[in-house]
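K.L.:
Provided herewith is a single structure, encoded as structure tokens, for subsequent inquiry.
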Amino acid sequence: MNSNNKTVACPLDCYDACEAIYIDDKCKPNQEHKVTNKKLCVKFAHLLNEENLVSAKNENKDISLEESLDILTEKLKQTKPSDVLYYKGSGNLGVMQSAPKVFFDQYGATFTKGSLCDGIGFEGLIQGRGSFINPPLENLINADVIIAWGRNFSITSPHMYELVKDKTFITIDPIVTHMAKKSDLHIQLVPKTDHELALLLTRFAYMDDMDDVESYEAYSSGADWFFDLAKSRPLVSYEATIGVHLSKIVKFVDMIKNKNVAIMTGLGVQKYNEGSQIMRAIDSFAAYIGVHNKSAGGLWYLGDSTFGYENKFNVNPKKRVDIPGVDFGSYDVVFIQGANPVVSSPNTKRVIDGLKNCFVVYFGTTYNDTCEYANLIIPSADFLTKKDVRLSYGHEYKAVSHAVKDKNDNCITEYELANYLLKTFESEALKPEDEIIEYYKNTKPILPQIESFEFIEELEIEALYEQKEKGEFYLITSKSKNALNSQFKIDNCAYVHPTSEYKDGDEVTLSTSYGQANFTIRINEDVKEECVLIHAGAKQGNYLTPHISDEEAYSAIYQEVIVSIELS
């Protein structure tokens, strides 16, 4: 195949969506891509070293691709459609990965709703704004001060960080993250008190004449009610609950006064039952000091990467179930695409018990933990062998993939599988692949201003610090440097502060009201006292987490637990 100087898009589930050029059988950074910025990150390198599936399997025996497709179609024909669950993950974020949705929608399968990732915070932003899209990347580059709020920015967005690494940084996080060590100020707050911090910062901003009335009055309502909420308790009462001395708040306000401020919010702030309210409180503080609708600064989250695009794989399933609470065992057939629920979904024991009691089809590029429970495995073509477009949820730039290597004959792309099933079940085929890809390549949506904003006017949040007993721990889950969720180099340890009663290397049992699991303790001064840190993707981590959805967005609340630790 002639693949000279063809671009390939990184398909990984991260903010940056970088782009490489395939030259001489190697991926090299595309120097003309704004975000890639002449460098590929360590996770892209791990991706290139992945061992991809090259053979279909039925009950652990190698079979041909044709045989696997025959087995799949027979199973679907023999099963009541609503008893088939279509479960899609984020193992590959190219737009073409959504093609199978069209078939399973027309077939009548049950879909999931909600999110295991960002859905709660996104809902909070939608409630305040009506829609959400990140500001232009130039706004971040033009900012004077960048606040990494619950986001280990230099690790989770290394390409974006490189563009602004010389800025002034403030980190808000219970953990002394890699980003915190690079920051001029670190606010190390108690978990699930971000909304209280937002209210406290609003009070100090008011006292320092930083409320940008001229800015927010033009497009918002409810600012007075929000400020009434912020001043509803004494300033000193916050010190005990958020665990931060007021002197640090004074320094924070001094650092951002008369500056263009960018707030990079992460997933950590919203992994709770009332996470949408927490995110709205942060966004309301941002509006109060006037960071929105400016040419510099703003607030970033996991933006809607498809905003402004026509959905070429639009579906309207008749039945959906909350993704955190999926009972896999209640379905006859479960089709899992690009996901690893055995590790990534909450309440792992319940997930495994369910998968043991249904026919599991796994469709993906690599063998993962969930494959251990799959009856049928269908290999998906890897990202170097298929055309695609990667839209970013971190910025407005896209990355384009060409097929730069020949596809293994035993693998099939998502688009090919969707059309195969549509034809088999006598449904209309998808539009031509090139037509769909060209649309996404050539469409450039306009990034809108915030037309209306509603400040949050009341908070009803149950504090974890009121539930925690002496000797118990808050659970913190975060991404690690060398892994991405359950991919690559997984860290299976539990990290606690040296002031805990445990020693490095202790074998312990961690317990919550939802389950328990065994871990090896690692002592780390970067972890806040009375917290236990478990990195995302840890094999045992989700034995501790609830399969309960949050109050608004049908999404997972991983950190809504208190942990007990006992020596094994």
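Naming scheme: A, B, ... for chains in displayed order of the structure tokens; residues 1 onward per chain; ligands 1 onward as shown.
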What lies within 10 Å of region 292-299 of chain A using only C-alpha atoms, ignoring chain neighbours under 3 positions off, as JSON, numbers by chain?

P.N.:
{"A": [133, 134, 135, 136, 137, 138, 139, 140, 141, 142, 143, 144, 145, 146, 147, 215, 216, 219, 259, 260, 261, 262, 263, 264, 265, 282, 283, 286, 287, 288, 289, 448, 449, 450, 451, 453]}

K.L.:
Hey, could you make a per-residue contact list for region 433-479 of chain A against region 533-547 of chain A with 10 Å as the cut-off, showing the nearest pair of atoms and its distance in Å to one decimal, counting only C-alpha atoms, sorted by chain and number, as a tab-separated table?

P.N.:
```
residue	atom	partner	partner_atom	distance
A:Phe473	CA	A:Leu533	CA	9.6
A:Tyr474	CA	A:Leu533	CA	8.5
A:Leu475	CA	A:Leu533	CA	6.2
A:Ile476	CA	A:Leu533	CA	4.8
A:Thr477	CA	A:Ile534	CA	5.1
A:Ser478	CA	A:His535	CA	5.0
A:Lys479	CA	A:Ala536	CA	5.2
```

K.L.:
Residues as selected, C-alpha atoms, written as a PDB file, in the first residue's frame, can you do that?

P.N.:
```pdb
ATOM      1  CA  PHE A 473     -11.003   7.164  54.037  1.00  0.00           C
ATOM      2  CA  TYR A 474     -12.333   9.103  51.075  1.00  0.00           C
ATOM      3  CA  LEU A 475     -11.909   7.279  47.757  1.00  0.00           C
ATOM      4  CA  ILE A 476     -10.095   9.206  45.026  1.00  0.00           C
ATOM      5  CA  THR A 477      -9.867   7.770  41.510  1.00  0.00           C
ATOM      6  CA  SER A 478      -7.574   9.374  38.956  1.00  0.00           C
ATOM      7  CA  LYS A 479      -5.721   8.609  35.758  1.00  0.00           C
TER       8      LYS A 479
END
```

K.L.:
Which is closer to Val527 (chain A) than all the others in A:Tyr86, A:Phe122, A:Tyr495, A:Tyr514, using only C-alpha atoms?

P.N.:
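Smallest distance to Val527 (chain A) is found for A:Tyr495.
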
K.L.:
Excluding region 420-434 of chain A and any residue of its chain fewer than 2 positions from it, enumerate the residues within 9 Å of it, using only C-alpha atoms, and give them as a list in words.

P.N.:
Leu69, Thr73, Lys77, Met96, Ala99, Pro100, Val102, Phe103, Phe104, Gln106, Tyr107, Lys312, Phe313, Lys387, Tyr415, Glu416, Leu417, Ala418, Ile436, Ile437, Glu438 and Tyr439 of chain A

K.L.:
Taking N, CA and C atoms for each residue, export the selection above as a PDB file, in the first residue's frame.

P.N.:
```
ATOM      1  N   LEU A  69     -19.244 -14.163  12.094  1.00  0.00           N
ATOM      2  CA  LEU A  69     -20.383 -13.357  11.662  1.00  0.00           C
ATOM      3  C   LEU A  69     -21.635 -14.217  11.513  1.00  0.00           C
ATOM      4  N   THR A  73     -25.090 -13.537  13.608  1.00  0.00           N
ATOM      5  CA  THR A  73     -26.383 -13.316  12.966  1.00  0.00           C
ATOM      6  C   THR A  73     -27.405 -14.362  13.408  1.00  0.00           C
ATOM      7  N   LYS A  77     -30.925 -13.517  15.249  1.00  0.00           N
ATOM      8  CA  LYS A  77     -32.184 -13.957  14.669  1.00  0.00           C
ATOM      9  C   LYS A  77     -33.004 -14.798  15.649  1.00  0.00           C
ATOM     10  N   MET A  96     -16.427   7.053  12.862  1.00  0.00           N
ATOM     11  CA  MET A  96     -16.944   5.863  12.189  1.00  0.00           C
ATOM     12  C   MET A  96     -17.239   4.723  13.155  1.00  0.00           C
ATOM     13  N   ALA A  99     -20.947   3.543  13.665  1.00  0.00           N
ATOM     14  CA  ALA A  99     -21.743   2.918  12.602  1.00  0.00           C
ATOM     15  C   ALA A  99     -22.608   1.752  13.103  1.00  0.00           C
ATOM     16  N   PRO A 100     -22.096   0.836  13.953  1.00  0.00           N
ATOM     17  CA  PRO A 100     -22.947  -0.277  14.395  1.00  0.00           C
ATOM     18  C   PRO A 100     -24.193   0.149  15.150  1.00  0.00           C
ATOM     19  N   VAL A 102     -26.390   2.124  14.223  1.00  0.00           N
ATOM     20  CA  VAL A 102     -27.509   2.208  13.286  1.00  0.00           C
ATOM     21  C   VAL A 102     -28.186   0.848  13.138  1.00  0.00           C
ATOM     22  N   PHE A 103     -27.365  -0.199  12.994  1.00  0.00           N
ATOM     23  CA  PHE A 103     -27.973  -1.520  12.878  1.00  0.00           C
ATOM     24  C   PHE A 103     -28.715  -1.893  14.147  1.00  0.00           C
ATOM     25  N   PHE A 104     -28.062  -1.783  15.305  1.00  0.00           N
ATOM     26  CA  PHE A 104     -28.690  -2.242  16.546  1.00  0.00           C
ATOM     27  C   PHE A 104     -29.927  -1.429  16.896  1.00  0.00           C
ATOM     28  N   GLN A 106     -32.033  -0.165  14.501  1.00  0.00           N
ATOM     29  CA  GLN A 106     -33.067  -0.690  13.601  1.00  0.00           C
ATOM     30  C   GLN A 106     -33.497  -2.099  14.003  1.00  0.00           C
ATOM     31  N   TYR A 107     -32.560  -2.870  14.526  1.00  0.00           N
ATOM     32  CA  TYR A 107     -32.867  -4.232  14.973  1.00  0.00           C
ATOM     33  C   TYR A 107     -33.789  -4.202  16.187  1.00  0.00           C
ATOM     34  N   LYS A 312     -24.294  11.636  11.507  1.00  0.00           N
ATOM     35  CA  LYS A 312     -24.460  10.723  10.377  1.00  0.00           C
ATOM     36  C   LYS A 312     -24.880   9.320  10.820  1.00  0.00           C
ATOM     37  N   PHE A 313     -24.867   9.087  12.121  1.00  0.00           N
ATOM     38  CA  PHE A 313     -25.295   7.777  12.642  1.00  0.00           C
ATOM     39  C   PHE A 313     -26.343   7.995  13.729  1.00  0.00           C
ATOM     40  N   LYS A 387     -10.143   4.105   7.585  1.00  0.00           N
ATOM     41  CA  LYS A 387     -10.343   5.548   7.469  1.00  0.00           C
ATOM     42  C   LYS A 387     -11.218   6.036   8.623  1.00  0.00           C
ATOM     43  N   TYR A 415     -17.683   0.096  10.243  1.00  0.00           N
ATOM     44  CA  TYR A 415     -18.546   0.425   9.110  1.00  0.00           C
ATOM     45  C   TYR A 415     -18.911  -0.839   8.327  1.00  0.00           C
ATOM     46  N   GLU A 416     -17.933  -1.703   8.098  1.00  0.00           N
ATOM     47  CA  GLU A 416     -18.189  -2.954   7.365  1.00  0.00           C
ATOM     48  C   GLU A 416     -19.137  -3.866   8.140  1.00  0.00           C
ATOM     49  N   LEU A 417     -18.945  -3.959   9.459  1.00  0.00           N
ATOM     50  CA  LEU A 417     -19.828  -4.808  10.261  1.00  0.00           C
ATOM     51  C   LEU A 417     -21.258  -4.283  10.228  1.00  0.00           C
ATOM     52  N   ALA A 418     -21.412  -2.969  10.367  1.00  0.00           N
ATOM     53  CA  ALA A 418     -22.754  -2.388  10.341  1.00  0.00           C
ATOM     54  C   ALA A 418     -23.452  -2.693   9.019  1.00  0.00           C
ATOM     55  N   ILE A 436     -19.334  10.019   4.109  1.00  0.00           N
ATOM     56  CA  ILE A 436     -19.442  10.360   5.536  1.00  0.00           C
ATOM     57  C   ILE A 436     -18.151  10.998   6.033  1.00  0.00           C
ATOM     58  N   ILE A 437     -17.034  10.398   5.688  1.00  0.00           N
ATOM     59  CA  ILE A 437     -15.743  10.910   6.150  1.00  0.00           C
ATOM     60  C   ILE A 437     -15.468  12.302   5.583  1.00  0.00           C
ATOM     61  N   GLU A 438     -15.779  12.510   4.320  1.00  0.00           N
ATOM     62  CA  GLU A 438     -15.544  13.817   3.720  1.00  0.00           C
ATOM     63  C   GLU A 438     -16.387  14.894   4.395  1.00  0.00           C
ATOM     64  N   TYR A 439     -17.596  14.532   4.803  1.00  0.00           N
ATOM     65  CA  TYR A 439     -18.440  15.507   5.509  1.00  0.00           C
ATOM     66  C   TYR A 439     -17.750  15.975   6.790  1.00  0.00           C
TER      67      TYR A 439
END
```

K.L.:
With a distance cut-off of 10 Å and only C-alpha atoms, select the neighbouring residues of Thr79 (chain A), excluding the residue or stretch itself and same-chain residues fewer than 6 positions from it, and output the selection as a compact mmCIF listing (two decimals) with all heavy atoms, in the first residue's frame.

P.N.:
```
# COMPACT_ATOMS: atom_id res chain seq x y z
N THR A 73 -25.09 -13.54 13.61
CA THR A 73 -26.38 -13.32 12.97
C THR A 73 -27.40 -14.36 13.41
O THR A 73 -28.58 -14.04 13.61
CB THR A 73 -26.25 -13.31 11.43
OG1 THR A 73 -25.58 -14.51 11.00
CG2 THR A 73 -25.45 -12.12 10.97
N TYR A 331 -30.08 -10.09 30.15
CA TYR A 331 -30.19 -10.14 28.69
C TYR A 331 -29.71 -11.49 28.17
O TYR A 331 -28.86 -12.14 28.78
CB TYR A 331 -29.35 -9.01 28.06
CG TYR A 331 -29.84 -7.65 28.49
CD1 TYR A 331 -29.31 -7.02 29.61
CD2 TYR A 331 -30.87 -7.02 27.80
CE1 TYR A 331 -29.78 -5.79 30.04
CE2 TYR A 331 -31.35 -5.79 28.22
CZ TYR A 331 -30.80 -5.18 29.33
OH TYR A 331 -31.28 -3.97 29.75
N ASP A 332 -30.26 -11.89 27.05
CA ASP A 332 -29.83 -13.15 26.43
C ASP A 332 -28.51 -12.98 25.69
O ASP A 332 -27.66 -13.86 25.70
CB ASP A 332 -30.92 -13.66 25.47
CG ASP A 332 -32.18 -14.08 26.21
OD1 ASP A 332 -32.09 -14.42 27.41
OD2 ASP A 332 -33.26 -14.05 25.60
N VAL A 333 -28.38 -11.84 25.01
CA VAL A 333 -27.16 -11.54 24.25
C VAL A 333 -26.68 -10.15 24.63
O VAL A 333 -27.47 -9.20 24.68
CB VAL A 333 -27.42 -11.60 22.72
CG1 VAL A 333 -26.16 -11.19 21.96
CG2 VAL A 333 -27.88 -12.99 22.30
```

K.L.:
Measure the distance from CA of Gly290 (chain A) to CA of Ser452 (chain A) in Å and round it to one decimal.

P.N.:
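Value for the CA of Gly290 (chain A)-CA of Ser452 (chain A) distance: 13.7 Å.
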
K.L.:
Within region 184-410 of chain A, find each residue whose DSSP state, derived from the backbone, is alpha helix (DSSP H), and express the selection as a ChimeraX atom specification.

P.N.:
/A:194-207,213-216,223-230,237-242,246-256,275-288,341-344,348-355

K.L.:
Applying 10 Å and only C-alpha atoms, which residues near Phe335 (chain A) remain after dropping the ones on its own chain fewer than 3 positions away? List them as a PyMOL selection string.

P.N.:
chain A and resi 72+84-88+104+109+359-363+374+376-377

K.L.:
Would you put the residues from that selection into a file with C-alpha atoms, as a PDB file, in the first residue's frame?

P.N.:
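File produced: selection-v3.pdb:
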```
ATOM      1  CA  LEU A  72     -23.585 -13.553  15.514  1.00  0.00           C
ATOM      2  CA  VAL A  84     -30.115  -7.967  23.214  1.00  0.00           C
ATOM      3  CA  LEU A  85     -28.014  -5.292  24.910  1.00  0.00           C
ATOM      4  CA  TYR A  86     -25.792  -3.046  22.778  1.00  0.00           C
ATOM      5  CA  TYR A  87     -22.982  -1.770  25.021  1.00  0.00           C
ATOM      6  CA  LYS A  88     -20.530   0.649  23.406  1.00  0.00           C
ATOM      7  CA  PHE A 104     -28.690  -2.242  16.546  1.00  0.00           C
ATOM      8  CA  ALA A 109     -31.770  -3.790  20.767  1.00  0.00           C
ATOM      9  CA  PHE A 359     -24.132 -14.872  25.657  1.00  0.00           C
ATOM     10  CA  VAL A 360     -21.372 -12.269  25.366  1.00  0.00           C
ATOM     11  CA  VAL A 361     -20.090 -10.954  22.052  1.00  0.00           C
ATOM     12  CA  TYR A 362     -16.941  -8.829  22.232  1.00  0.00           C
ATOM     13  CA  PHE A 363     -16.034  -6.642  19.257  1.00  0.00           C
ATOM     14  CA  ALA A 374     -16.927 -13.580  26.006  1.00  0.00           C
ATOM     15  CA  LEU A 376     -17.745 -14.911  20.781  1.00  0.00           C
ATOM     16  CA  ILE A 377     -14.899 -12.519  19.899  1.00  0.00           C
TER      17      ILE A 377
END
```

K.L.:
Would you pick out the contacts of Leu185 (chain A) at 8 Å or less, using only C-alpha atoms, so that residues sharing its chain but fewer than 3 positions from it are not included, and give the list as a PDB file with N, CA and C atoms, in the first residue's frame?

P.N.:
```pdb
ATOM      1  N   PHE A 169       0.018  28.832  36.853  1.00  0.00           N
ATOM      2  CA  PHE A 169      -0.952  27.765  37.109  1.00  0.00           C
ATOM      3  C   PHE A 169      -1.378  27.731  38.571  1.00  0.00           C
ATOM      4  N   ILE A 170      -2.646  27.432  38.764  1.00  0.00           N
ATOM      5  CA  ILE A 170      -3.210  27.112  40.078  1.00  0.00           C
ATOM      6  C   ILE A 170      -3.869  25.751  39.953  1.00  0.00           C
ATOM      7  N   THR A 171      -3.604  24.863  40.905  1.00  0.00           N
ATOM      8  CA  THR A 171      -4.248  23.547  40.901  1.00  0.00           C
ATOM      9  C   THR A 171      -5.167  23.416  42.104  1.00  0.00           C
ATOM     10  N   ALA A 180      -0.043  19.840  40.006  1.00  0.00           N
ATOM     11  CA  ALA A 180       0.094  20.632  41.228  1.00  0.00           C
ATOM     12  C   ALA A 180       1.549  20.991  41.492  1.00  0.00           C
ATOM     13  N   PHE A 252      -5.036  33.021  46.194  1.00  0.00           N
ATOM     14  CA  PHE A 252      -5.726  32.634  44.961  1.00  0.00           C
ATOM     15  C   PHE A 252      -6.329  33.871  44.289  1.00  0.00           C
TER      16      PHE A 252
END
```

K.L.:
So how many Å separate CA of Ala20 (chain A) and CA of Leu40 (chain A), to one decimal?

P.N.:
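These two atoms are separated by 7.6 Å.
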
K.L.:
Please return, as a ChimeraX atom specification, all residues of region 87-316 of chain A that DSSP assigns to strand (DSSP E or B) on the basis of the backbone.

P.N.:
/A:87-88,94,110-113,145-149,168-172,175,185-187,220-221,261-265,298-300

K.L.:
Pull C-alpha atoms from the residues just selected and write them as a PDB file, in the first residue's frame.

P.N.:
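As a result, result.pdb now contains:
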```pdb
ATOM      1  CA  TYR A  87     -22.982  -1.770  25.021  1.00  0.00           C
ATOM      2  CA  LYS A  88     -20.530   0.649  23.406  1.00  0.00           C
ATOM      3  CA  GLY A  94     -13.285   8.022  15.681  1.00  0.00           C
ATOM      4  CA  THR A 110     -31.634  -2.199  24.206  1.00  0.00           C
ATOM      5  CA  PHE A 111     -29.094   0.637  24.460  1.00  0.00           C
ATOM      6  CA  THR A 112     -27.446   2.230  27.477  1.00  0.00           C
ATOM      7  CA  LYS A 113     -27.911   5.833  28.567  1.00  0.00           C
ATOM      8  CA  VAL A 145      -3.640  32.270  34.619  1.00  0.00           C
ATOM      9  CA  ILE A 146      -4.822  28.679  34.205  1.00  0.00           C
ATOM     10  CA  ILE A 147      -6.725  26.937  36.993  1.00  0.00           C
ATOM     11  CA  ALA A 148      -6.555  23.126  36.809  1.00  0.00           C
ATOM     12  CA  TRP A 149      -9.657  22.265  38.842  1.00  0.00           C
ATOM     13  CA  THR A 168       0.845  30.843  35.748  1.00  0.00           C
ATOM     14  CA  PHE A 169      -0.952  27.765  37.109  1.00  0.00           C
ATOM     15  CA  ILE A 170      -3.210  27.112  40.078  1.00  0.00           C
ATOM     16  CA  THR A 171      -4.248  23.547  40.901  1.00  0.00           C
ATOM     17  CA  ILE A 172      -7.317  22.554  42.925  1.00  0.00           C
ATOM     18  CA  ILE A 175      -3.867  15.013  45.402  1.00  0.00           C
ATOM     19  CA  LEU A 185      -0.487  27.564  44.131  1.00  0.00           C
ATOM     20  CA  HIS A 186      -2.125  24.291  45.150  1.00  0.00           C
ATOM     21  CA  ILE A 187      -5.498  24.216  46.920  1.00  0.00           C
ATOM     22  CA  SER A 220     -27.376  35.780  32.553  1.00  0.00           C
ATOM     23  CA  SER A 221     -29.905  35.653  35.363  1.00  0.00           C
ATOM     24  CA  VAL A 261      -8.440  33.318  33.618  1.00  0.00           C
ATOM     25  CA  ALA A 262      -8.884  29.859  32.090  1.00  0.00           C
ATOM     26  CA  ILE A 263     -10.480  27.131  34.216  1.00  0.00           C
ATOM     27  CA  MET A 264      -9.699  23.574  33.126  1.00  0.00           C
ATOM     28  CA  THR A 265     -12.219  21.387  34.949  1.00  0.00           C
ATOM     29  CA  GLY A 298     -13.008  30.614  29.713  1.00  0.00           C
ATOM     30  CA  LEU A 299     -14.040  27.291  31.207  1.00  0.00           C
ATOM     31  CA  TRP A 300     -13.121  23.942  29.625  1.00  0.00           C
TER      32      TRP A 300
END
```

K.L.:
Let me make sure I understand: among A:Asp224, A:Glu123, A:Asp211, A:Asp83, which one has the smallest atom-to-atom distance to Gly303 (chain A) if we use only C-alpha atoms?

P.N.:
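For Gly303 (chain A), the nearest of the candidates is A:Glu123.
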
K.L.:
Need to verify the contact set: Glu67 (chain A), 12 Å, only C-alpha atoms, exclusion of same-chain residues closer than 6 positions in sequence. Can you return it as a VMD selection string?

P.N.:
chain A and resid 55 to 58 61 73 to 74 376 to 378 410

K.L.:
If you measure from CA of Lys349 (chain A) to CA of Ile336 (chain A), what distance in Å do you get, rounded to one decimal?

P.N.:
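Between CA of Lys349 (chain A) and CA of Ile336 (chain A) the gap works out to 17.7 Å.
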
K.L.:
Find the residue from A:Cys10, A:Cys358, A:Ile557, A:Val563 that sits nearest to Cys41 (chain A); use only C-alpha atoms when measuring.

P.N.:
A:Cys10

K.L.:
Pick from A:Leu447, A:Cys531, A:Ile155, A:Val342: nearest to Ile565 (chain A), with only C-alpha atoms counted?

P.N.:
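Ranking A:Leu447, A:Cys531, A:Ile155, A:Val342 by distance to Ile565 (chain A), first place goes to A:Cys531.
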
K.L.:
Using only C-alpha atoms for the distances, tell me which of A:Thr36, A:Gly364, A:Asp327, A:Leu125 is nearest to Gly91 (chain A).

P.N.:
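Using only C-alpha atoms, Gly91 (chain A) sits closest to A:Gly364.
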